[in-house]
>>> print(open('target.csv').read())   # CSV, C-alpha atoms (C1' of nucleotides)
chain,number,residue,atom,x,y,z
A,28,MET,CA,211.9,82.6,-58.6
A,29,ILE,CA,210.5,79.4,-60.1
A,30,VAL,CA,206.7,79.4,-59.8
A,31,HIS,CA,204.7,76.2,-60.0
A,32,ASP,CA,201.1,76.7,-61.0
A,33,MET,CA,199.4,73.5,-59.8
A,34,THR,CA,196.0,73.0,-61.4
A,35,PHE,CA,195.9,69.2,-61.5
A,36,SER,CA,195.0,67.3,-58.3
A,37,THR,CA,194.9,63.7,-57.2
A,38,HIS,CA,193.5,62.2,-54.0
A,39,PHE,CA,194.6,59.3,-52.0
A,40,ASP,CA,194.4,58.2,-48.4
A,41,PHE,CA,196.1,55.6,-46.3
A,42,VAL,CA,196.0,54.1,-42.8
A,43,ALA,CA,198.9,54.4,-40.3
A,44,VAL,CA,200.1,52.0,-37.7
A,45,PRO,CA,198.5,53.0,-34.3
A,46,PRO,CA,199.0,54.9,-32.1
A,47,TYR,CA,199.4,57.7,-34.6
A,48,ASN,CA,198.6,61.3,-33.9
A,49,PHE,CA,198.4,63.2,-37.2
A,50,LYS,CA,198.5,66.7,-35.7
A,51,LEU,CA,201.4,66.1,-33.4
A,52,THR,CA,203.3,64.4,-36.2
A,53,VAL,CA,202.9,67.1,-38.9
A,54,HIS,CA,202.7,70.2,-36.7
A,55,LYS,CA,205.0,69.4,-33.8
A,56,PRO,CA,204.7,71.3,-30.5
A,57,ALA,CA,208.1,73.1,-30.7
A,58,GLY,CA,207.0,74.6,-34.0
A,59,TRP,CA,209.4,73.0,-36.4
A,60,SER,CA,207.9,72.7,-39.9
A,61,LEU,CA,207.4,69.4,-41.7
A,62,LEU,CA,208.8,70.4,-45.1
A,63,THR,CA,209.1,74.2,-45.4
A,64,PRO,CA,209.0,77.1,-43.0
A,65,PHE,CA,206.3,78.7,-45.1
A,66,GLU,CA,203.8,75.9,-44.9
A,67,VAL,CA,200.3,76.6,-43.4
A,68,PHE,CA,198.5,74.6,-40.7
A,69,GLU,CA,194.9,75.6,-40.0
A,70,ARG,CA,192.2,73.8,-38.1
A,71,GLY,CA,193.8,70.4,-38.5
A,72,THR,CA,194.7,70.8,-42.2
A,73,LEU,CA,198.3,71.2,-43.5
A,74,TRP,CA,199.2,72.9,-46.8
A,75,THR,CA,202.8,72.3,-47.7
A,76,VAL,CA,205.2,71.6,-50.6
A,77,LEU,CA,207.0,68.3,-51.3
A,78,ARG,CA,209.9,67.6,-53.6
A,79,VAL,CA,210.1,63.9,-54.3
A,80,PRO,CA,213.5,62.2,-54.8
A,81,SER,CA,213.1,62.3,-58.6
A,82,GLY,CA,212.9,66.1,-58.4
A,83,MET,CA,209.2,66.8,-59.1
A,84,VAL,CA,207.5,69.3,-56.8
A,85,PHE,CA,203.9,68.9,-55.4
A,86,GLY,CA,201.5,70.9,-53.4
A,87,LEU,CA,200.0,68.9,-50.5
A,88,LYS,CA,196.8,69.3,-48.6
A,89,MET,CA,196.6,66.8,-45.8
A,90,LYS,CA,194.3,66.1,-42.8
A,91,SER,CA,193.4,63.3,-40.5
A,92,GLU,CA,190.2,61.4,-41.1
A,93,GLY,CA,190.7,58.9,-38.3
A,94,THR,CA,191.7,58.8,-34.7
A,95,VAL,CA,195.0,58.1,-32.8
A,96,ASP,CA,194.0,54.5,-32.4
A,97,ALA,CA,192.4,54.1,-35.8
A,98,PRO,CA,194.4,56.5,-37.9
A,99,ARG,CA,193.7,57.4,-41.5
A,100,VAL,CA,195.3,60.3,-43.4
A,101,SER,CA,193.7,62.0,-46.4
A,102,CYS,CA,196.0,63.7,-48.9
A,103,LEU,CA,195.1,65.9,-51.9
A,104,ALA,CA,198.2,66.3,-54.1
A,105,TYR,CA,198.5,69.1,-56.6
A,106,SER,CA,200.8,69.2,-59.6
A,107,GLY,CA,201.5,71.2,-62.8
A,108,HIS,CA,200.4,68.4,-65.1
A,109,ARG,CA,198.5,65.2,-65.1
A,110,LEU,CA,200.5,62.4,-63.4
A,111,ALA,CA,201.8,59.3,-65.0
A,112,THR,CA,201.3,56.0,-63.1
A,113,ASN,CA,204.9,55.8,-61.9
A,114,GLN,CA,204.8,59.5,-60.8
A,115,ARG,CA,201.7,58.8,-58.8
A,116,THR,CA,203.3,55.7,-57.2
A,117,GLU,CA,206.4,57.7,-56.2
A,118,LEU,CA,204.3,60.4,-54.7
A,119,TYR,CA,202.1,58.0,-52.7
A,120,GLU,CA,205.1,56.0,-51.4
A,121,THR,CA,207.1,59.2,-50.5
A,122,VAL,CA,204.2,60.7,-48.5
A,123,LYS,CA,203.7,57.5,-46.5
A,124,TRP,CA,207.4,57.2,-45.9
A,125,MET,CA,207.7,60.8,-45.0
A,126,LEU,CA,205.0,60.5,-42.3
A,127,SER,CA,206.4,57.2,-40.9
A,128,ALA,CA,202.9,55.8,-41.4
A,129,ASP,CA,204.1,52.2,-41.4
A,130,GLU,CA,206.6,52.5,-38.6
A,131,LYS,CA,205.9,50.3,-35.5
A,132,VAL,CA,206.9,52.0,-32.3
A,133,ASN,CA,205.7,49.5,-29.8
A,134,ASP,CA,209.2,48.8,-28.5
A,135,PHE,CA,209.8,52.5,-27.9
A,136,TYR,CA,206.6,52.8,-25.9
A,137,ALA,CA,207.5,49.6,-24.0
A,138,LEU,CA,210.6,51.4,-22.6
A,139,ALA,CA,208.2,53.5,-20.5
A,140,ASN,CA,207.7,50.5,-18.3
A,141,ASN,CA,211.2,50.8,-16.8
A,142,ASP,CA,212.1,54.4,-17.7
A,143,SER,CA,210.4,57.3,-16.0
A,144,LEU,CA,211.5,59.9,-18.6
A,145,VAL,CA,210.2,57.8,-21.5
A,146,ARG,CA,207.0,57.3,-19.5
A,147,ALA,CA,206.6,61.1,-19.2
A,148,ILE,CA,207.3,62.0,-22.8
A,149,THR,CA,205.1,59.2,-24.2
A,150,GLU,CA,202.2,60.3,-22.0
A,151,ASP,CA,202.6,63.9,-23.1
A,152,LEU,CA,203.0,63.2,-26.8
A,153,TYR,CA,201.2,59.9,-27.3
A,154,GLY,CA,201.1,59.0,-31.0
A,155,MET,CA,203.6,61.5,-32.3
A,156,ARG,CA,205.7,60.0,-35.0
A,157,ARG,CA,209.0,61.2,-36.5
A,158,THR,CA,208.9,62.5,-40.0
A,159,LYS,CA,211.5,62.5,-42.8
A,160,GLN,CA,212.3,65.0,-45.4
A,161,PRO,CA,212.8,63.4,-48.8
A,162,ASP,CA,214.7,66.4,-50.2
A,163,VAL,CA,218.2,65.9,-49.0
A,164,PHE,CA,219.4,69.4,-50.1
A,165,SER,CA,216.8,71.2,-48.0
A,166,MET,CA,218.0,69.3,-45.0
A,167,LEU,CA,221.6,70.2,-45.8
A,168,ILE,CA,220.6,73.9,-46.0
A,169,LEU,CA,219.0,73.6,-42.6
A,170,ALA,CA,222.1,71.9,-41.1
A,171,VAL,CA,224.5,74.5,-42.5
A,172,THR,CA,222.5,77.5,-41.4
A,173,LEU,CA,222.1,76.1,-37.9
A,174,GLN,CA,225.9,76.0,-37.5
A,175,MET,CA,227.5,78.5,-35.2
A,176,ALA,CA,224.5,80.9,-35.1
A,177,PRO,CA,221.7,81.8,-32.7
A,178,ILE,CA,218.4,80.4,-33.9
A,179,VAL,CA,217.1,83.9,-34.9
A,180,ARG,CA,220.0,84.3,-37.2
A,181,SER,CA,219.6,80.8,-38.6
A,182,ASN,CA,216.0,81.5,-39.4
A,183,GLN,CA,217.0,84.8,-41.1
A,184,MET,CA,219.5,82.9,-43.4
A,185,MET,CA,217.0,80.2,-44.3
A,186,GLU,CA,214.2,82.7,-45.0
A,187,LEU,CA,216.5,84.8,-47.2
A,188,LEU,CA,217.6,81.7,-49.1
A,189,ILE,CA,214.1,80.7,-49.7
A,190,LYS,CA,212.8,84.1,-50.7
A,191,GLN,CA,215.7,84.9,-53.0
A,192,TYR,CA,216.4,81.5,-54.6
A,193,GLY,CA,213.5,79.2,-53.6
A,194,GLU,CA,210.4,78.1,-55.5
A,195,LYS,CA,206.7,79.0,-55.2
A,196,ALA,CA,203.8,76.6,-55.4
A,197,ARG,CA,200.4,77.9,-56.1
A,198,PHE,CA,197.5,75.5,-55.4
A,199,ASP,CA,194.2,75.4,-53.6
A,200,ARG,CA,194.2,79.3,-53.4
A,201,LYS,CA,197.5,79.2,-51.4
A,202,GLU,CA,201.0,80.3,-52.3
A,203,ILE,CA,203.7,78.3,-50.4
A,204,LEU,CA,207.4,79.0,-50.7
A,205,TYR,CA,209.8,76.1,-50.8
A,206,TRP,CA,213.6,75.6,-50.5
A,207,PRO,CA,215.9,76.3,-53.5
A,208,SER,CA,217.1,73.4,-55.6
A,209,ALA,CA,220.7,72.3,-55.6
A,210,GLN,CA,220.8,73.3,-59.2
A,211,THR,CA,219.9,76.9,-58.4
A,212,ILE,CA,222.5,77.2,-55.7
A,213,ALA,CA,225.1,75.6,-57.8
A,214,GLU,CA,224.5,78.2,-60.5
A,215,THR,CA,224.8,81.1,-58.0
A,216,SER,CA,228.1,82.7,-57.0
A,217,VAL,CA,229.5,82.5,-53.5
A,218,ALA,CA,229.7,86.3,-53.4
A,219,GLU,CA,226.0,86.7,-54.3
A,220,LEU,CA,224.9,84.1,-51.7
A,221,LYS,CA,226.9,85.9,-49.0
A,222,ARG,CA,225.5,89.3,-50.0
A,223,ASN,CA,221.9,88.3,-50.5
A,224,CYS,CA,221.5,85.7,-47.7
A,225,LYS,CA,224.0,86.9,-45.1
A,226,LEU,CA,225.5,83.4,-45.0
A,227,GLY,CA,229.1,84.4,-44.2
A,228,TYR,CA,231.5,81.5,-44.5
A,229,ARG,CA,228.6,79.1,-44.9
A,230,ALA,CA,228.1,80.4,-48.5
A,231,THR,CA,231.2,78.5,-49.5
A,232,PHE,CA,229.9,75.3,-47.9
A,233,LEU,CA,226.5,75.5,-49.4
A,234,LYS,CA,227.8,76.2,-52.9
A,235,ALA,CA,230.2,73.3,-52.7
A,236,ILE,CA,227.4,71.0,-51.4
A,237,ALA,CA,225.1,72.0,-54.2
A,238,GLU,CA,227.8,71.3,-56.8
A,239,THR,CA,228.5,67.9,-55.3
A,240,ILE,CA,224.8,67.0,-55.4
A,241,GLN,CA,224.5,68.1,-59.0
A,242,ASN,CA,227.5,65.9,-59.9
A,243,GLY,CA,225.8,62.8,-58.3
A,244,PHE,CA,225.0,62.0,-54.7
A,245,PRO,CA,223.0,59.2,-53.1
A,246,SER,CA,219.2,59.9,-52.8
A,247,VAL,CA,217.6,59.8,-49.4
A,248,HIS,CA,216.3,56.3,-50.1
A,249,GLU,CA,219.8,55.2,-51.0
A,250,LEU,CA,221.2,56.7,-47.8
A,251,GLU,CA,218.5,54.9,-45.8
A,252,LYS,CA,219.4,51.6,-47.4
A,253,MET,CA,223.0,52.0,-46.2
A,254,PRO,CA,224.0,51.0,-42.6
A,255,PRO,CA,223.6,54.2,-40.4
A,256,ALA,CA,227.4,54.6,-40.0
A,257,GLU,CA,228.0,54.4,-43.7
A,258,ALA,CA,225.3,56.9,-44.5
A,259,LYS,CA,226.8,59.3,-42.0
A,260,LEU,CA,230.3,59.0,-43.4
A,261,LYS,CA,228.9,59.6,-46.9
A,262,LEU,CA,227.2,62.8,-45.7
A,263,MET,CA,230.4,63.9,-43.9
A,264,GLU,CA,232.2,63.8,-47.3
A,265,LEU,CA,230.3,67.0,-48.1
A,266,LYS,CA,232.1,70.2,-47.5
A,267,GLY,CA,230.9,71.8,-44.2
A,268,ILE,CA,229.0,68.7,-43.0
A,269,GLY,CA,230.5,67.3,-39.8
A,270,GLU,CA,229.1,64.8,-37.3
A,271,TYR,CA,226.2,67.0,-36.0
A,272,SER,CA,225.0,68.0,-39.4
A,273,ALA,CA,225.2,64.5,-40.8
A,274,ASP,CA,223.0,63.3,-37.9
A,275,ILE,CA,220.4,66.0,-38.7
A,276,VAL,CA,220.4,65.1,-42.4
A,277,SER,CA,220.6,61.3,-42.2
A,278,PRO,CA,217.3,59.5,-42.7
A,279,HIS,CA,218.4,57.1,-40.0
A,280,SER,CA,217.1,58.2,-36.6
A,281,GLY,CA,220.0,59.9,-34.9
A,282,PHE,CA,220.9,61.6,-31.6
A,283,ALA,CA,222.1,64.9,-33.1
A,284,LEU,CA,223.4,66.7,-30.0
A,285,ASP,CA,224.5,70.3,-30.4
A,286,VAL,CA,225.4,72.7,-27.5
A,287,TRP,CA,221.7,73.6,-27.0
A,288,SER,CA,220.4,70.0,-26.8
A,289,ALA,CA,223.5,68.9,-24.9
A,290,ARG,CA,222.6,71.3,-22.2
A,291,ILE,CA,219.1,69.9,-22.0
A,292,PHE,CA,220.2,66.2,-21.8
A,293,HIS,CA,222.9,67.0,-19.2
A,294,MET,CA,220.1,68.6,-17.1
A,295,LEU,CA,218.0,65.5,-17.6
A,296,PHE,CA,220.8,63.0,-16.8
A,297,PHE,CA,222.6,64.9,-14.0
A,298,GLY,CA,220.2,67.7,-12.9
A,299,SER,CA,222.7,70.4,-13.5
A,300,GLU,CA,224.2,72.6,-16.2
A,301,PRO,CA,227.3,71.3,-18.0
A,302,LYS,CA,230.4,73.4,-17.6
A,303,SER,CA,231.2,73.1,-21.3
A,304,PRO,CA,228.2,71.7,-23.3
A,305,ARG,CA,230.4,71.0,-26.4
A,306,ASP,CA,232.8,68.9,-24.4
A,307,VAL,CA,230.2,66.7,-22.9
A,308,ILE,CA,228.5,65.7,-26.2
A,309,PRO,CA,230.4,62.4,-26.7
A,310,LYS,CA,229.7,61.3,-23.1
A,311,LEU,CA,226.0,62.2,-23.4
A,312,LYS,CA,225.7,60.2,-26.7
A,313,LYS,CA,227.2,57.1,-25.0
A,314,ILE,CA,224.8,57.4,-22.1
A,315,ALA,CA,221.8,57.7,-24.5
A,316,GLU,CA,222.9,54.8,-26.6
A,317,ALA,CA,223.3,52.6,-23.5
A,318,ARG,CA,220.0,53.7,-22.0
A,319,TRP,CA,217.7,53.7,-25.1
A,320,GLY,CA,219.6,51.9,-27.9
A,321,GLU,CA,218.0,52.2,-31.3
A,322,TRP,CA,215.2,54.3,-29.8
A,323,ARG,CA,217.4,57.1,-28.6
A,324,GLY,CA,216.5,59.2,-31.7
A,325,TYR,CA,212.8,58.9,-30.7
A,326,VAL,CA,213.6,60.0,-27.1
A,327,PHE,CA,215.6,62.9,-28.5
A,328,LEU,CA,212.6,64.0,-30.7
A,329,TYR,CA,210.0,63.6,-27.9
A,330,VAL,CA,212.1,65.4,-25.3
A,331,LEU,CA,212.8,68.4,-27.5
A,332,HIS,CA,209.1,68.8,-28.3
A,333,ASP,CA,208.1,68.4,-24.6
A,334,LEU,CA,210.3,70.8,-22.9
A,335,ASP,CA,207.6,72.9,-21.3
A,336,ARG,CA,205.8,70.0,-19.6
A,337,LEU,CA,209.1,68.2,-18.7
A,338,SER,CA,210.4,71.3,-17.0
A,339,LYS,CA,207.3,71.4,-14.8
A,340,ARG,CA,207.3,67.7,-14.2
A,341,LEU,CA,210.9,67.6,-13.2
A,342,SER,CA,211.3,71.1,-11.8
A,343,LEU,CA,214.1,71.8,-14.2
A,344,LYS,CA,214.7,74.9,-16.3
A,345,LEU,CA,215.0,73.2,-19.7
A,346,THR,CA,213.7,76.0,-21.9
A,347,ASP,CA,216.1,78.9,-21.1
A,348,ALA,CA,218.6,77.9,-23.7
B,14,DG,C1',224.8,105.5,-30.9
B,15,DC,C1',228.9,102.7,-30.5
B,16,DG,C1',232.1,99.0,-29.3
B,17,DT,C1',232.4,94.3,-27.8
B,18,DC,C1',231.1,89.6,-27.5
B,19,DC,C1',229.8,85.3,-29.2
B,20,DA,C1',226.5,81.9,-31.1
B,21,DG,C1',222.0,75.2,-31.9
B,22,DG,C1',230.0,73.5,-36.0
B,23,DT,C1',233.6,72.6,-39.2
B,24,DC,C1',238.0,72.9,-41.2
B,25,DT,C1',242.9,73.2,-41.1
B,26,DA,C1',247.4,73.3,-39.3
B,27,DC,C1',250.2,71.6,-36.1
B,28,DC,C1',251.9,68.6,-32.6
C,22,DG,C1',244.4,61.1,-33.1
C,23,DG,C1',243.8,65.2,-30.6
C,24,DT,C1',243.5,70.0,-30.2
C,25,DA,C1',243.8,75.1,-30.7
C,26,DG,C1',242.4,78.9,-33.7
C,27,DA,C1',240.0,80.9,-37.4
C,28,DC,C1',235.7,81.6,-39.7
C,29,DC,C1',230.9,85.5,-41.5
C,30,DT,C1',227.6,88.1,-39.5
C,31,DG,C1',224.2,90.5,-36.8
C,32,DG,C1',221.7,90.5,-32.4
C,33,DA,C1',222.3,91.3,-27.5
C,34,DC,C1',224.4,93.8,-24.2
C,35,DG,C1',226.9,97.4,-21.6
C,36,DC,C1',228.2,101.9,-21.5
>>> encode(input="target.csv", output="structure tokens")
Amino acid sequence: MIVHDMTFSTHFDFVAVPPYNFKLTVHKPAGWSLLTPFEVFERGTLWTVLRVPSGMVFGLKMKSEGTVDAPRVSCLAYSGHRLATNQRTELYETVKWMLSADEKVNDFYALANNDSLVRAITEDLYGMRRTKQPDVFSMLILAVTLQMAPIVRSNQMMELLIKQYGEKARFDRKEILYWPSAQTIAETSVAELKRNCKLGYRATFLKAIAETIQNGFPSVHELEKMPPAEAKLKLMELKGIGEYSADIVSPHSGFALDVWSARIFHMLFFGSEPKSPRDVIPKLKKIAEARWGEWRGYVFLYVLHDLDRLSKRLSLKLTDA
DNA sequence: GCGTCCAGGTCTACC
DNA sequence: GGTAGACCTGGACGC
């Protein structure tokens, strides 16, 4: 395992566009991690690991020093060597971008005036912002391991991949494990990936994806500059990446329905279980686009992090999936 | 303890 | 262009 001993640190802080709830944004209610499953969140402070698009790895210690209506985020970044000016600039810009600090969501909140579901979720999770992972390969690992597996098994595959082939960052008296690089997976055989990480047929996909990325693939910023449909098609050129996985990985806010979330949105739209969740996905996507337009990705995010309270509000069993 | 089923998609062959 | 069937594996379940 590659170990990064990070003894150099640099501090910066920045304001975010209100309303902005730092805790809800970096430590979301459903428990999904911001950057790595092994990050630590304690008493309002997050210790995590970031790989910026140019490839450098940083340890991050972040906390809020403001309020939801006057938000300010403090960030202490650790590295293995003193940073050049351009490296510091990339780090600063990437962190702000990752946390959607400059994103204006007024139009999303305005939907609450005429949409009771949006009203409920924005009341419950006021100030929560979407986040973006600048490391495309880690998102591709997530997407591939989520395919055709119960969540317990997906977590098992991800943890094995990180523990066997990932990287370790040591900083601020913490040790945080991080996703493997595309280079490491490209240099590992399919048989070894299958054996060590219980990936099954997904090992072939992951190896092929890693090799494609090594040979040259758009960065997350380049994907973001493309029209959403073009970025999605580019991602779908990768072996094992279909429509659902591309929606998860794309930096454009998507409506990535799988059979689990399709069941939830069918319950929300129609109050009943779908007979075949997979078959209703295209129909549900059309309804969401017509109802919420460009903000459907935000609705998706808020709903999936608000299932407990929504279930009570609407008297629906949304959390049994 | 053992056998069976199937999961938070995607690819391929075939029509 | 649409649609079955196959795909790794291990946890859940029934017996």
>>> closest_residue(input="target.csv", among="A:Ile275, A:Ala196, A:Leu343, A:Val286", to="DG21 in chain B", atoms="only C-alpha atoms (C1' of nucleotides)")
A:Val286
>>> atom_distance(input="target.csv", atom1="CA of Arg157 in chain A", atom2="CA of Val95 in chain A")
14.8 Å
>>> residues_around(input="target.csv", residues="DA33 in chain C", least_positions_apart="5", cutoff="12 Å", atoms="all atoms listed in the file", output="list in words")
Pro177 and Val179 of chain A; DT17, DC18, DC19 and DA20 of chain B
>>> atom_distance(input="target.csv", atom1="CA of Val307 in chain A", atom2="CA of Gln174 in chain A")
17.8 Å
>>> closest_atom_pairs(input="target.csv", of="chain A", to="chain C", cutoff="10 Å", atoms="all atoms listed in the file", output="JSON lines")
{"residue": "A:Met175", "atom": "CA", "partner": "C:DC28", "partner_atom": "C1'", "distance": 9.9}
{"residue": "A:Ala176", "atom": "CA", "partner": "C:DT30", "partner_atom": "C1'", "distance": 9.0}
{"residue": "A:Pro177", "atom": "CA", "partner": "C:DG32", "partner_atom": "C1'", "distance": 8.7}
{"residue": "A:Val179", "atom": "CA", "partner": "C:DG32", "partner_atom": "C1'", "distance": 8.4}
{"residue": "A:Arg180", "atom": "CA", "partner": "C:DG31", "partner_atom": "C1'", "distance": 7.5}
{"residue": "A:Lys221", "atom": "CA", "partner": "C:DC29", "partner_atom": "C1'", "distance": 8.5}
{"residue": "A:Lys225", "atom": "CA", "partner": "C:DT30", "partner_atom": "C1'", "distance": 6.8}
{"residue": "A:Leu226", "atom": "CA", "partner": "C:DC29", "partner_atom": "C1'", "distance": 6.8}
{"residue": "A:Gly227", "atom": "CA", "partner": "C:DC29", "partner_atom": "C1'", "distance": 3.4}
{"residue": "A:Tyr228", "atom": "CA", "partner": "C:DC29", "partner_atom": "C1'", "distance": 5.0}
{"residue": "A:Arg229", "atom": "CA", "partner": "C:DC29", "partner_atom": "C1'", "distance": 7.6}
{"residue": "A:Ala230", "atom": "CA", "partner": "C:DC29", "partner_atom": "C1'", "distance": 9.1}
>>> interface_residues(input="target.csv", of="chain A", to="chain B", cutoff="9 Å", atoms="all atoms listed in the file", output="VMD selection string")
chain A and resid 171 173 to 178 266 to 272 284 to 288
>>> atom_distance(input="target.csv", atom1="CA of Glu66 in chain A", atom2="CA of Leu204 in chain A")
7.5 Å
>>> closest_residue(input="target.csv", among="A:Asp134, A:Leu169, A:Phe164, A:Ser208", to="Glu186 in chain A", atoms="only C-alpha atoms")
A:Leu169
>>> closest_residue(input="target.csv", among="A:Glu150, A:Met263, A:Thr346, A:Phe135", to="Met294 in chain A", atoms="all atoms listed in the file")
A:Thr346
>>> residues_around(input="target.csv", residues="Trp124 in chain A", least_positions_apart="3", cutoff="10 Å", atoms="only C-alpha atoms (C1' of nucleotides)", output="MDAnalysis selection string")
chainID A and resid 118:121 127:130 158:161 248
>>> build_atoms(input="target.csv", residues="range 202-219 of chain A", atoms="N, CA, C and O atoms", output="mmCIF file, in the frame of the given file")
data_model
loop_
_atom_site.group_PDB
_atom_site.id
_atom_site.type_symbol
_atom_site.label_atom_id
_atom_site.label_comp_id
_atom_site.auth_asym_id
_atom_site.auth_seq_id
_atom_site.Cartn_x
_atom_site.Cartn_y
_atom_site.Cartn_z
ATOM 1 N N GLU A 202 199.654 80.127 -51.665
ATOM 2 C CA GLU A 202 201.000 80.300 -52.300
ATOM 3 C C GLU A 202 202.000 79.882 -51.174
ATOM 4 O O GLU A 202 202.093 80.570 -50.153
ATOM 5 N N ILE A 203 202.714 78.797 -51.376
ATOM 6 C CA ILE A 203 203.700 78.300 -50.400
ATOM 7 C C ILE A 203 205.070 78.335 -50.962
ATOM 8 O O ILE A 203 205.309 77.792 -52.042
ATOM 9 N N LEU A 204 205.976 78.969 -50.234
ATOM 10 C CA LEU A 204 207.400 79.000 -50.700
ATOM 11 C C LEU A 204 208.119 77.771 -50.239
ATOM 12 O O LEU A 204 207.855 77.223 -49.168
ATOM 13 N N TYR A 205 209.072 77.371 -51.103
ATOM 14 C CA TYR A 205 209.800 76.100 -50.800
ATOM 15 C C TYR A 205 211.314 76.365 -51.058
ATOM 16 O O TYR A 205 211.725 77.295 -51.743
ATOM 17 N N TRP A 206 212.109 75.505 -50.496
ATOM 18 C CA TRP A 206 213.600 75.600 -50.500
ATOM 19 C C TRP A 206 214.125 75.671 -51.960
ATOM 20 O O TRP A 206 213.559 75.084 -52.876
ATOM 21 N N PRO A 207 215.272 76.304 -52.142
ATOM 22 C CA PRO A 207 215.900 76.300 -53.500
ATOM 23 C C PRO A 207 216.407 74.886 -53.824
ATOM 24 O O PRO A 207 216.672 74.071 -52.938
ATOM 25 N N SER A 208 216.523 74.653 -55.106
ATOM 26 C CA SER A 208 217.100 73.400 -55.600
ATOM 27 C C SER A 208 218.609 73.459 -55.527
ATOM 28 O O SER A 208 219.197 74.559 -55.537
ATOM 29 N N ALA A 209 219.253 72.291 -55.525
ATOM 30 C CA ALA A 209 220.700 72.300 -55.600
ATOM 31 C C ALA A 209 221.199 72.906 -56.885
ATOM 32 O O ALA A 209 222.229 73.593 -56.905
ATOM 33 N N GLN A 210 220.440 72.714 -57.948
ATOM 34 C CA GLN A 210 220.800 73.300 -59.200
ATOM 35 C C GLN A 210 220.894 74.818 -59.161
ATOM 36 O O GLN A 210 221.855 75.446 -59.619
ATOM 37 N N THR A 211 219.887 75.422 -58.550
ATOM 38 C CA THR A 211 219.900 76.900 -58.400
ATOM 39 C C THR A 211 221.046 77.403 -57.645
ATOM 40 O O THR A 211 221.707 78.370 -58.049
ATOM 41 N N ILE A 212 221.342 76.769 -56.514
ATOM 42 C CA ILE A 212 222.500 77.200 -55.700
ATOM 43 C C ILE A 212 223.796 76.977 -56.376
ATOM 44 O O ILE A 212 224.721 77.800 -56.305
ATOM 45 N N ALA A 213 223.882 75.859 -57.097
ATOM 46 C CA ALA A 213 225.100 75.600 -57.800
ATOM 47 C C ALA A 213 225.402 76.612 -58.895
ATOM 48 O O ALA A 213 226.560 76.877 -59.238
ATOM 49 N N GLU A 214 224.340 77.212 -59.415
ATOM 50 C CA GLU A 214 224.500 78.200 -60.500
ATOM 51 C C GLU A 214 224.647 79.630 -59.936
ATOM 52 O O GLU A 214 224.743 80.591 -60.699
ATOM 53 N N THR A 215 224.663 79.789 -58.616
ATOM 54 C CA THR A 215 224.800 81.100 -58.000
ATOM 55 C C THR A 215 226.184 81.269 -57.401
ATOM 56 O O THR A 215 226.732 80.314 -56.848
ATOM 57 N N SER A 216 226.749 82.483 -57.506
ATOM 58 C CA SER A 216 228.100 82.700 -57.000
ATOM 59 C C SER A 216 228.133 82.765 -55.486
ATOM 60 O O SER A 216 227.141 83.149 -54.858
ATOM 61 N N VAL A 217 229.276 82.418 -54.898
ATOM 62 C CA VAL A 217 229.500 82.500 -53.500
ATOM 63 C C VAL A 217 229.258 83.950 -52.983
ATOM 64 O O VAL A 217 228.595 84.211 -51.964
ATOM 65 N N ALA A 218 229.794 84.886 -53.742
ATOM 66 C CA ALA A 218 229.700 86.300 -53.400
ATOM 67 C C ALA A 218 228.218 86.739 -53.295
ATOM 68 O O ALA A 218 227.802 87.456 -52.381
ATOM 69 N N GLU A 219 227.434 86.286 -54.278
ATOM 70 C CA GLU A 219 226.000 86.700 -54.300
ATOM 71 C C GLU A 219 225.272 86.018 -53.124
ATOM 72 O O GLU A 219 224.419 86.649 -52.487
#
